[in-house]
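start.cif (mmCIF, C-alpha atoms and all ligand atoms) appears below.
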```cif
data_start
#
loop_
_atom_site.group_PDB
_atom_site.id
_atom_site.type_symbol
_atom_site.label_atom_id
_atom_site.label_comp_id
_atom_site.auth_asym_id
_atom_site.auth_seq_id
_atom_site.Cartn_x
_atom_site.Cartn_y
_atom_site.Cartn_z
ATOM 1 C CA SER W 1 -13.975 -14.890 -78.456
ATOM 2 C CA ASN W 2 -16.284 -12.350 -76.987
ATOM 3 C CA ARG W 3 -18.499 -13.174 -74.081
ATOM 4 C CA TRP W 4 -21.373 -11.309 -72.626
ATOM 5 C CA LEU W 5 -21.475 -9.976 -69.149
ATOM 6 C CA VAL W 6 -24.866 -9.841 -67.629
ATOM 7 C CA VAL W 7 -25.269 -6.954 -65.300
ATOM 8 C CA VAL W 8 -28.318 -7.313 -63.197
ATOM 9 C CA LEU W 9 -29.755 -4.200 -61.760
ATOM 10 C CA ASP W 10 -32.267 -4.895 -59.148
ATOM 11 C CA ILE W 11 -34.289 -1.816 -58.410
ATOM 12 C CA PHE W 12 -37.037 -1.949 -55.885
ATOM 13 C CA ALA W 13 -39.894 0.496 -56.192
ATOM 14 C CA LEU W 14 -40.378 2.591 -53.107
ATOM 15 C CA HIS W 15 -44.143 2.310 -53.336
ATOM 16 C CA GLY W 16 -46.136 -0.840 -53.792
ATOM 17 C CA GLY W 17 -43.166 -3.151 -53.134
ATOM 18 C CA LEU W 18 -42.807 -4.031 -56.798
ATOM 19 C CA ALA W 19 -39.447 -5.183 -58.029
ATOM 20 C CA PHE W 20 -38.270 -4.276 -61.479
ATOM 21 C CA LEU W 21 -35.525 -6.255 -63.048
ATOM 22 C CA PHE W 22 -33.364 -4.785 -65.767
ATOM 23 C CA LEU W 23 -30.929 -6.800 -67.786
ATOM 24 C CA VAL W 24 -28.129 -4.850 -69.389
ATOM 25 C CA LEU W 25 -25.891 -6.712 -71.775
ATOM 26 C CA LEU W 26 -22.313 -5.530 -72.106
ATOM 27 C CA PRO W 27 -19.688 -7.096 -74.314
ATOM 28 C CA VAL W 28 -16.755 -8.579 -72.392
ATOM 29 C CA SER W 29 -13.543 -9.237 -74.226
ATOM 30 C CA GLY W 30 -10.679 -11.378 -73.017
ATOM 31 C CA ASP W 31 -9.388 -11.120 -69.490
ATOM 32 C CA VAL W 32 -5.855 -10.128 -68.723
ATOM 33 C CA SER W 33 -3.792 -11.270 -65.745
ATOM 34 C CA TYR W 34 -0.769 -9.821 -64.042
ATOM 35 C CA SER W 35 1.331 -10.988 -61.134
ATOM 36 C CA ILE W 36 2.998 -8.383 -58.945
ATOM 37 C CA PRO W 37 4.533 -8.190 -55.481
ATOM 38 C CA GLU W 38 2.453 -6.380 -52.876
ATOM 39 C CA GLU W 39 3.373 -2.874 -51.627
ATOM 40 C CA MET W 40 4.622 -1.550 -54.994
ATOM 41 C CA LYS W 41 5.028 2.241 -54.994
ATOM 42 C CA ARG W 42 2.259 4.369 -56.465
ATOM 43 C CA GLY W 43 2.977 4.956 -60.138
ATOM 44 C CA SER W 44 4.834 1.644 -60.578
ATOM 45 C CA VAL W 45 4.058 -0.037 -63.892
ATOM 46 C CA ILE W 46 2.124 -3.312 -63.637
ATOM 47 C CA GLY W 47 2.168 -3.973 -67.382
ATOM 48 C CA ASN W 48 1.137 -2.491 -70.710
ATOM 49 C CA ILE W 49 -2.533 -3.289 -70.932
ATOM 50 C CA ALA W 50 -3.023 -1.716 -74.384
ATOM 51 C CA THR W 51 -0.306 -3.918 -75.843
ATOM 52 C CA ASP W 52 -1.509 -7.000 -73.951
ATOM 53 C CA LEU W 53 -5.091 -6.563 -75.173
ATOM 54 C CA GLY W 54 -4.121 -5.420 -78.668
ATOM 55 C CA LEU W 55 -5.863 -2.060 -78.278
ATOM 56 C CA ASP W 56 -5.260 0.921 -80.547
ATOM 57 C CA MET W 57 -3.038 3.150 -78.369
ATOM 58 C CA ALA W 58 -3.999 6.283 -80.356
ATOM 59 C CA ARG W 59 -7.672 5.828 -79.529
ATOM 60 C CA LEU W 60 -7.395 5.243 -75.754
ATOM 61 C CA THR W 61 -8.269 8.869 -74.955
ATOM 62 C CA ALA W 62 -11.096 9.075 -77.479
ATOM 63 C CA ARG W 63 -12.554 5.824 -76.139
ATOM 64 C CA LYS W 64 -12.292 7.107 -72.548
ATOM 65 C CA ALA W 65 -10.286 4.106 -71.372
ATOM 66 C CA ARG W 66 -10.555 3.846 -67.594
ATOM 67 C CA ILE W 67 -10.391 1.456 -64.701
ATOM 68 C CA ASP W 68 -13.559 0.471 -62.979
ATOM 69 C CA THR W 69 -14.293 -1.947 -60.173
ATOM 70 C CA GLU W 70 -17.079 -4.334 -59.351
ATOM 71 C CA ASP W 71 -19.121 -3.311 -56.301
ATOM 72 C CA ASN W 72 -17.453 0.111 -56.096
ATOM 73 C CA ASN W 73 -14.278 -1.407 -54.716
ATOM 74 C CA VAL W 74 -11.038 0.488 -54.466
ATOM 75 C CA LYS W 75 -9.383 1.407 -57.757
ATOM 76 C CA TYR W 76 -5.945 -0.026 -57.182
ATOM 77 C CA CYS W 77 -4.639 0.905 -60.602
ATOM 78 C CA SER W 78 -5.134 3.377 -63.423
ATOM 79 C CA VAL W 79 -4.365 3.509 -67.143
ATOM 80 C CA ASN W 80 -1.880 5.925 -68.569
ATOM 81 C CA LEU W 81 -3.702 7.059 -71.715
ATOM 82 C CA ASN W 82 -0.478 8.096 -73.429
ATOM 83 C CA THR W 83 1.487 4.911 -72.918
ATOM 84 C CA GLY W 84 -1.237 2.296 -72.354
ATOM 85 C CA GLU W 85 0.451 1.274 -69.140
ATOM 86 C CA LEU W 86 -1.429 -0.006 -66.144
ATOM 87 C CA VAL W 87 0.047 1.672 -63.066
ATOM 88 C CA VAL W 88 -0.379 1.285 -59.310
ATOM 89 C CA GLN W 89 -2.782 3.879 -57.934
ATOM 90 C CA GLU W 90 -3.407 2.721 -54.355
ATOM 91 C CA ARG W 91 -1.432 0.721 -51.840
ATOM 92 C CA ILE W 92 -1.837 -3.009 -52.483
ATOM 93 C CA ASP W 93 -1.300 -4.688 -49.118
ATOM 94 C CA ARG W 94 -1.617 -8.462 -49.409
ATOM 95 C CA GLU W 95 -2.187 -8.896 -45.639
ATOM 96 C CA GLY W 96 -5.011 -6.369 -45.631
ATOM 97 C CA LEU W 97 -6.649 -7.822 -48.737
ATOM 98 C CA CYS W 98 -6.253 -11.553 -48.268
ATOM 99 C CA ALA W 99 -4.978 -12.222 -44.711
ATOM 100 C CA LYS W 100 -3.778 -15.832 -44.634
ATOM 101 C CA LYS W 101 -5.199 -16.935 -48.007
ATOM 102 C CA ALA W 102 -2.618 -18.731 -50.115
ATOM 103 C CA SER W 103 -3.798 -17.001 -53.293
ATOM 104 C CA CYS W 104 -4.625 -13.303 -53.504
ATOM 105 C CA VAL W 105 -6.191 -11.820 -56.621
ATOM 106 C CA VAL W 106 -7.402 -8.234 -57.027
ATOM 107 C CA LYS W 107 -10.053 -7.812 -59.695
ATOM 108 C CA GLN W 108 -10.347 -4.597 -61.707
ATOM 109 C CA GLU W 109 -12.009 -3.763 -64.993
ATOM 110 C CA LEU W 110 -10.905 -1.787 -68.020
ATOM 111 C CA VAL W 111 -13.805 0.061 -69.642
ATOM 112 C CA LEU W 112 -13.692 1.563 -73.155
ATOM 113 C CA GLU W 113 -16.431 3.384 -75.032
ATOM 114 C CA ASN W 114 -17.384 3.645 -78.747
ATOM 115 C CA PRO W 115 -18.027 0.790 -78.833
ATOM 116 C CA LEU W 116 -18.497 -0.134 -75.182
ATOM 117 C CA GLU W 117 -15.966 -2.748 -74.223
ATOM 118 C CA LEU W 118 -15.095 -4.322 -70.892
ATOM 119 C CA HIS W 119 -11.968 -6.272 -69.950
ATOM 120 C CA ARG W 120 -11.461 -8.008 -66.668
ATOM 121 C CA ILE W 121 -8.050 -7.517 -65.082
ATOM 122 C CA ASN W 122 -6.858 -10.072 -62.545
ATOM 123 C CA ILE W 123 -3.914 -8.911 -60.498
ATOM 124 C CA ARG W 124 -2.305 -11.733 -58.590
ATOM 125 C CA VAL W 125 -0.639 -10.240 -55.496
ATOM 126 C CA GLN W 126 2.475 -12.012 -54.271
ATOM 127 C CA ASP W 127 3.509 -11.900 -50.652
ATOM 128 C CA ILE W 128 6.662 -10.079 -49.633
ATOM 129 C CA ASN W 129 8.248 -10.423 -46.205
ATOM 130 C CA ASP W 130 7.063 -7.109 -44.748
ATOM 131 C CA ASN W 131 5.933 -8.338 -41.321
ATOM 132 C CA SER W 132 8.000 -9.587 -38.382
ATOM 133 C CA PRO W 133 6.950 -12.423 -36.091
ATOM 134 C CA GLN W 134 5.310 -10.974 -32.984
ATOM 135 C CA PHE W 135 4.279 -12.338 -29.635
ATOM 136 C CA LYS W 136 0.982 -11.194 -28.157
ATOM 137 C CA GLU W 137 2.598 -10.307 -24.834
ATOM 138 C CA GLU W 138 5.793 -8.432 -24.125
ATOM 139 C CA SER W 139 6.753 -10.966 -21.488
ATOM 140 C CA LEU W 140 5.681 -14.430 -20.387
ATOM 141 C CA LYS W 141 5.631 -15.356 -16.731
ATOM 142 C CA PHE W 142 5.990 -18.888 -15.409
ATOM 143 C CA GLU W 143 5.842 -19.913 -11.777
ATOM 144 C CA ILE W 144 7.633 -23.211 -11.433
ATOM 145 C CA ARG W 145 8.102 -25.067 -8.183
ATOM 146 C CA GLU W 146 11.695 -25.992 -7.536
ATOM 147 C CA SER W 147 10.525 -29.576 -6.994
ATOM 148 C CA ALA W 148 9.554 -29.840 -10.710
ATOM 149 C CA GLY W 149 11.386 -32.826 -12.188
ATOM 150 C CA LYS W 150 13.710 -32.928 -15.164
ATOM 151 C CA GLY W 151 11.665 -33.200 -18.365
ATOM 152 C CA ALA W 152 8.758 -31.069 -17.079
ATOM 153 C CA ARG W 153 7.191 -29.161 -20.021
ATOM 154 C CA PHE W 154 5.784 -25.641 -20.241
ATOM 155 C CA MET W 155 3.930 -24.512 -23.335
ATOM 156 C CA LEU W 156 4.961 -21.141 -24.783
ATOM 157 C CA ASP W 157 2.763 -18.658 -26.649
ATOM 158 C CA GLU W 158 2.876 -18.825 -30.403
ATOM 159 C CA ALA W 159 4.303 -15.891 -32.372
ATOM 160 C CA HIS W 160 2.205 -14.467 -35.214
ATOM 161 C CA ASP W 161 3.324 -13.128 -38.564
ATOM 162 C CA GLY W 162 0.893 -11.600 -41.065
ATOM 163 C CA ASP W 163 2.800 -12.997 -44.055
ATOM 164 C CA ILE W 164 2.287 -16.431 -45.573
ATOM 165 C CA GLY W 165 4.405 -19.416 -46.608
ATOM 166 C CA GLU W 166 8.119 -19.088 -45.996
ATOM 167 C CA ASN W 167 7.576 -15.502 -44.880
ATOM 168 C CA THR W 168 5.680 -16.536 -41.762
ATOM 169 C CA VAL W 169 7.037 -18.062 -38.495
ATOM 170 C CA GLN W 170 9.441 -20.919 -39.232
ATOM 171 C CA GLY W 171 11.024 -21.493 -35.844
ATOM 172 C CA TYR W 172 12.140 -20.295 -32.434
ATOM 173 C CA SER W 173 15.379 -20.103 -30.524
ATOM 174 C CA LEU W 174 15.971 -19.852 -26.803
ATOM 175 C CA GLN W 175 18.772 -17.941 -25.157
ATOM 176 C CA GLN W 176 21.532 -20.214 -23.834
ATOM 177 C CA ASN W 177 20.857 -21.064 -20.175
ATOM 178 C CA ASP W 178 21.552 -23.642 -17.444
ATOM 179 C CA HIS W 179 18.065 -25.004 -16.882
ATOM 180 C CA PHE W 180 15.832 -25.075 -19.946
ATOM 181 C CA LYS W 181 15.879 -26.514 -23.426
ATOM 182 C CA LEU W 182 13.479 -25.542 -26.193
ATOM 183 C CA ASN W 183 11.304 -28.012 -28.050
ATOM 184 C CA ILE W 184 9.520 -26.846 -31.197
ATOM 185 C CA LYS W 185 6.116 -28.307 -31.965
ATOM 186 C CA SER W 186 3.780 -28.003 -34.934
ATOM 187 C CA LYS W 187 0.033 -27.577 -34.902
ATOM 188 C CA GLY W 188 -2.095 -29.349 -37.488
ATOM 189 C CA SER W 189 -2.157 -26.236 -39.664
ATOM 190 C CA GLY W 190 1.643 -26.176 -39.829
ATOM 191 C CA ARG W 191 1.829 -23.351 -37.300
ATOM 192 C CA LYS W 192 4.735 -23.722 -34.918
ATOM 193 C CA TYR W 193 5.071 -23.032 -31.211
ATOM 194 C CA GLY W 194 7.699 -23.696 -28.571
ATOM 195 C CA GLU W 195 7.778 -25.639 -25.356
ATOM 196 C CA LEU W 196 10.199 -25.109 -22.476
ATOM 197 C CA ILE W 197 11.635 -28.360 -21.168
ATOM 198 C CA LEU W 198 13.279 -28.435 -17.777
ATOM 199 C CA ASP W 199 16.715 -29.917 -18.418
ATOM 200 C CA LYS W 200 18.394 -29.269 -15.071
ATOM 201 C CA GLU W 201 16.378 -29.013 -11.892
ATOM 202 C CA LEU W 202 15.763 -25.645 -10.252
ATOM 203 C CA ASP W 203 16.846 -24.596 -6.789
ATOM 204 C CA ARG W 204 15.066 -21.612 -5.297
ATOM 205 C CA GLU W 205 17.693 -21.222 -2.623
ATOM 206 C CA ASP W 206 20.234 -20.772 -5.434
ATOM 207 C CA LYS W 207 18.164 -18.698 -7.965
ATOM 208 C CA LYS W 208 14.721 -17.228 -7.343
ATOM 209 C CA GLU W 209 14.177 -15.910 -10.857
ATOM 210 C CA ILE W 210 15.444 -16.794 -14.304
ATOM 211 C CA VAL W 211 15.063 -14.428 -17.265
ATOM 212 C CA LEU W 212 15.286 -15.887 -20.774
ATOM 213 C CA LEU W 213 14.860 -14.418 -24.230
ATOM 214 C CA LEU W 214 12.793 -16.358 -26.756
ATOM 215 C CA THR W 215 13.156 -15.409 -30.429
ATOM 216 C CA ALA W 216 10.734 -16.286 -33.221
ATOM 217 C CA PHE W 217 11.984 -16.018 -36.796
ATOM 218 C CA ASP W 218 10.479 -16.293 -40.239
ATOM 219 C CA GLY W 219 11.984 -17.804 -43.363
ATOM 220 C CA GLY W 220 11.857 -14.683 -45.503
ATOM 221 C CA SER W 221 14.744 -12.949 -47.171
ATOM 222 C CA PRO W 222 15.883 -10.875 -45.441
ATOM 223 C CA GLN W 223 14.810 -12.784 -42.381
ATOM 224 C CA ARG W 224 12.722 -11.037 -39.719
ATOM 225 C CA SER W 225 12.355 -11.925 -36.047
ATOM 226 C CA GLY W 226 10.550 -10.983 -32.853
ATOM 227 C CA THR W 227 11.339 -11.644 -29.200
ATOM 228 C CA VAL W 228 9.608 -12.170 -25.887
ATOM 229 C CA VAL W 229 11.102 -12.174 -22.388
ATOM 230 C CA ILE W 230 10.340 -15.257 -20.307
ATOM 231 C CA HIS W 231 10.332 -14.710 -16.543
ATOM 232 C CA VAL W 232 10.597 -17.911 -14.567
ATOM 233 C CA ILE W 233 9.752 -17.428 -10.895
ATOM 234 C CA VAL W 234 11.044 -20.360 -8.889
ATOM 235 C CA LEU W 235 8.596 -21.291 -6.156
ATOM 236 C CA ASP W 236 9.771 -22.734 -2.901
ATOM 237 C CA ALA W 237 9.434 -26.373 -2.019
ATOM 238 C CA ASN W 238 10.134 -27.714 1.449
ATOM 239 C CA ASP W 239 13.394 -29.289 0.426
ATOM 240 C CA ASN W 240 15.744 -28.232 3.208
ATOM 241 C CA VAL W 241 15.652 -29.851 6.612
ATOM 242 C CA PRO W 242 15.435 -27.150 9.285
ATOM 243 C CA CYS W 243 18.102 -27.163 11.917
ATOM 244 C CA VAL W 244 17.458 -26.247 15.475
ATOM 245 C CA HIS W 245 19.836 -24.458 17.714
ATOM 246 C CA LEU W 246 19.260 -24.343 21.393
ATOM 247 C CA GLY W 247 16.981 -21.432 22.025
ATOM 248 C CA TRP W 248 14.509 -22.283 19.193
ATOM 249 C CA GLN W 249 16.420 -20.605 16.417
ATOM 250 C CA LEU W 250 15.616 -21.670 12.894
ATOM 251 C CA VAL W 251 18.388 -22.119 10.369
ATOM 252 C CA HIS W 252 18.183 -23.250 6.770
ATOM 253 C CA ASP W 253 21.145 -25.469 6.218
ATOM 254 C CA ARG W 254 22.415 -24.868 2.732
ATOM 255 C CA ALA W 255 24.771 -27.807 2.974
ATOM 256 C CA GLY W 256 21.791 -30.176 2.731
ATOM 257 C CA PRO W 257 19.787 -32.593 4.843
ATOM 258 C CA GLN W 258 22.649 -34.906 5.832
ATOM 259 C CA SER W 259 24.717 -32.423 7.732
ATOM 260 C CA CYS W 260 21.495 -31.045 9.119
ATOM 261 C CA SER W 261 20.508 -34.336 10.689
ATOM 262 C CA ARG W 262 24.003 -34.572 12.062
ATOM 263 C CA ARG W 263 23.520 -31.223 13.724
ATOM 264 C CA LEU W 264 20.125 -32.309 14.983
ATOM 265 C CA SER W 265 21.682 -35.342 16.619
ATOM 266 C CA GLY W 266 24.302 -32.980 17.952
ATOM 267 C CA VAL W 267 21.536 -30.939 19.489
ATOM 268 C CA GLN W 268 20.031 -34.104 20.854
ATOM 269 C CA SER W 269 23.305 -35.201 22.428
ATOM 270 C CA ASP W 270 23.792 -31.696 23.775
ATOM 271 C CA ARG W 271 20.528 -32.011 25.543
ATOM 272 C CA GLY W 272 21.670 -35.149 27.295
ATOM 273 C CA GLY W 273 20.255 -37.692 24.838
ATOM 274 C CA ARG W 274 16.637 -36.804 25.510
ATOM 275 C CA GLY W 275 15.963 -35.920 21.868
ATOM 276 C CA LEU W 276 13.571 -33.292 20.473
ATOM 277 C CA ARG W 277 10.011 -33.295 21.599
ATOM 278 C CA PRO W 278 7.477 -33.996 18.750
ATOM 279 C CA GLU W 279 5.734 -30.636 19.236
ATOM 280 C CA LEU W 280 9.062 -28.846 18.790
ATOM 281 C CA LEU W 281 9.567 -30.549 15.390
ATOM 282 C CA ALA W 282 6.055 -29.552 14.376
ATOM 283 C CA VAL W 283 6.722 -25.899 15.169
ATOM 284 C CA VAL W 284 9.980 -26.043 13.235
ATOM 285 C CA SER W 285 8.319 -27.437 10.081
ATOM 286 C CA TYR W 286 5.515 -24.873 10.229
ATOM 287 C CA SER W 287 7.987 -22.040 10.481
ATOM 288 C CA GLU W 288 9.949 -23.247 7.505
ATOM 289 C CA ILE W 289 6.933 -23.354 5.211
ATOM 290 C CA HIS W 290 5.988 -19.792 5.994
HETATM 291 CA CA CA W 301 1.885 -5.871 -46.681
HETATM 292 CA CA CA W 302 3.527 -9.652 -46.740
HETATM 293 CA CA CA W 303 7.335 -12.287 -42.024
HETATM 294 CA CA CA W 304 13.238 -24.592 -0.681
#
```

How would this structure read if it were set down as structure tokens?
Ligand SMILES: [Ca+2]
Ligand SMILES: [Ca+2]
Ligand SMILES: [Ca+2]
Ligand SMILES: [Ca+2]
Amino acid sequence: SNRWLVVVLDIFALHGGLAFLFLVLLPVSGDVSYSIPEEMKRGSVIGNIATDLGLDMARLTARKARIDTEDNNVKYCSVNLNTGELVVQERIDREGLCAKKASCVVKQELVLENPLELHRINIRVQDINDNSPQFKEESLKFEIRESAGKGARFMLDEAHDGDIGENTVQGYSLQQNDHFKLNIKSKGSGRKYGELILDKELDREDKKEIVLLLTAFDGGSPQRSGTVVIHVIVLDANDNVPCVHLGWQLVHDRAGPQSCSRRLSGVQSDRGGRGLRPELLAVVSYSEIH
């Protein structure tokens, strides 16, 4: 069943502002559709268009069979006039053509003359896993106060992957460590991101910095992944009682507050039970903060 394609040429006169409208009627025969993976090599065969459309192979040259495009788009394929095969002419990159669209169709046209005949070609482009998940930054920096409680959460940047479906980011994994667990969350659109959860409290006096590797992976075959380094800087909290020796010396007692208070009372008894003056304690606390 032949249909008619209406090509509207809208030509505006340069003088007088008059618009002339031409209607050109071209016969359009049946469409033909193909489904191919993206990134096929140039010269790869998409299908035999002459066979699929029932064209006379011997007359392809005489009828000047050629590929055309609407709106002067790229000619992604060409016709082999000897074999009737439709072959890849230009790189077909699904990401470049359709970004995150679930369906990607490239439209081309086969034109024949004597008589003039036009066939629409729809090439459905399937995604292949040719992109790896990537983080925007090379490293993520977190400053976390050592007083942060167990269960504290820190949102991590999402990794991006140009592919779609299974070929895009499916999950994350965090390097084994003593302090953090990873929680994976989903956005409304199905996009996934990670969250660091503090599992064991930090101690700046023990470790000032923690370096962790976060990996994002897709679900393609073969699977691809990308990593980011997480730098956790542990900020100080005033969690150690300062100890005072005679002579105003300041000592951080790593054994903890209890033994420290014992030493303070020791200092007090040393000084004949008079105890520390309030202003001395104030000076001690100030010094410890800075
Ligand atoms: Ca691609
Ligand atoms: Ca792809
Ligand atoms: Ca991918
Ligand atoms: Ca501290």

Go through the chains and note each residue within 9 Å of ligand CA 303 (chain W), using all atoms listed in the file, then give the set as a ChimeraX atom specification. /W:128-133,160-169,217-220,223-225

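Between atom CA of Ala65 of chain W and atom CA of Ile92 of chain W the separation is 21.9 Å.
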
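With only C-alpha atoms and all ligand atoms as the atoms that count, the set of residues no farther than 8 Å from ligand CA 304 (chain W) is Glu146, Asp203, Arg204, Glu205, Leu235, Asp236, Ala237, Asn238, Asp239 and Asn240 of chain W.
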
Å distance separating atom CA of ligand CA 301 (chain W) from atom CA of Asp127 of chain W, one decimal place: 7.4 Å

What residues have an atom no more than 12 Å from (7.4, -33.2, -16.3) in the file's own frame, counting all atoms listed in the file, and can you write them as a count of residues only? 18

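Put simply, atom CA of Lys207 of chain W is 7.4 Å away from atom CA of Val234 of chain W.
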
Written as a list of chain:residue names, what is the full residue list that the PyMOL selection byres (((chain W and resi 70) around 12) and not hetatm) yields on the file shown? W:Val7, W:Ile67, W:Asp68, W:Thr69, W:Asp71, W:Asn72, W:Asn73, W:Val74, W:Lys75, W:Val106, W:Lys107, W:Gln108, W:Glu109, W:Leu110, W:Val111, W:Leu118, W:His119, W:Arg120, W:Ile121

For a quick check of understanding, using all atoms listed in the file, which of W:Leu97, W:Leu174, W:Val105, W:Leu55 has the smallest distance to ligand CA 302 (chain W)?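 Once distances to ligand CA 302 (chain W) are computed over all atoms listed in the file, the minimum belongs to W:Leu97.
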
From the set W:Lys64, W:Arg59, W:Lys100, W:Arg42, which residue has the shortest atom-to-atom contact distance to ligand CA 302 (chain W), counting only C-alpha atoms and all ligand atoms?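 Comparing W:Lys64, W:Arg59, W:Lys100, W:Arg42 against ligand CA 302 (chain W), the winner is W:Lys100.
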
From the options W:Gly190, W:Gly226, W:Pro37, W:Gly47, which residue's atoms come nearest to ligand CA 302 (chain W), counting only C-alpha atoms and all ligand atoms?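 For ligand CA 302 (chain W), the nearest of the given residues is W:Pro37.
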
Quick one: apply the PyMOL selection byres (((not hetatm)) within 6 of (chain W and resi 301)) to the file and drop the selected residues here as a PyMOL selection string. chain W and resi 39+93-95+130

Please evaluate the PyMOL selection byres (((chain W and resi 193) around 6) and not hetatm) against the displayed coordinates and give the resulting residues as number ranges by chain. W: 158, 184-185, 192, 194

So that I can see what lies close to segment 79-83 of chain W, please list as a ChimeraX atom specification the residues with an atom at most 10 Å from it, counting only C-alpha atoms and leaving out residues fewer than 4 positions away in the same chain. /W:43,45,47-51,57-67,87-89,110

Would you be able to write out as JSON, numbers by chain which residues have an atom within 12 Å of (24.2, -20.8, -19.9) in the file's coordinates, counting only C-alpha atoms? {"W": [174, 175, 176, 177, 178, 179, 180, 181, 199, 200, 210, 211, 212]}

W:Phe135, W:Ser221, W:Asp56, W:Asp206: which is nearest ligand CA 302 (chain W), counting only C-alpha atoms and all ligand atoms?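 Distance minimum relative to ligand CA 302 (chain W) lands on W:Ser221.
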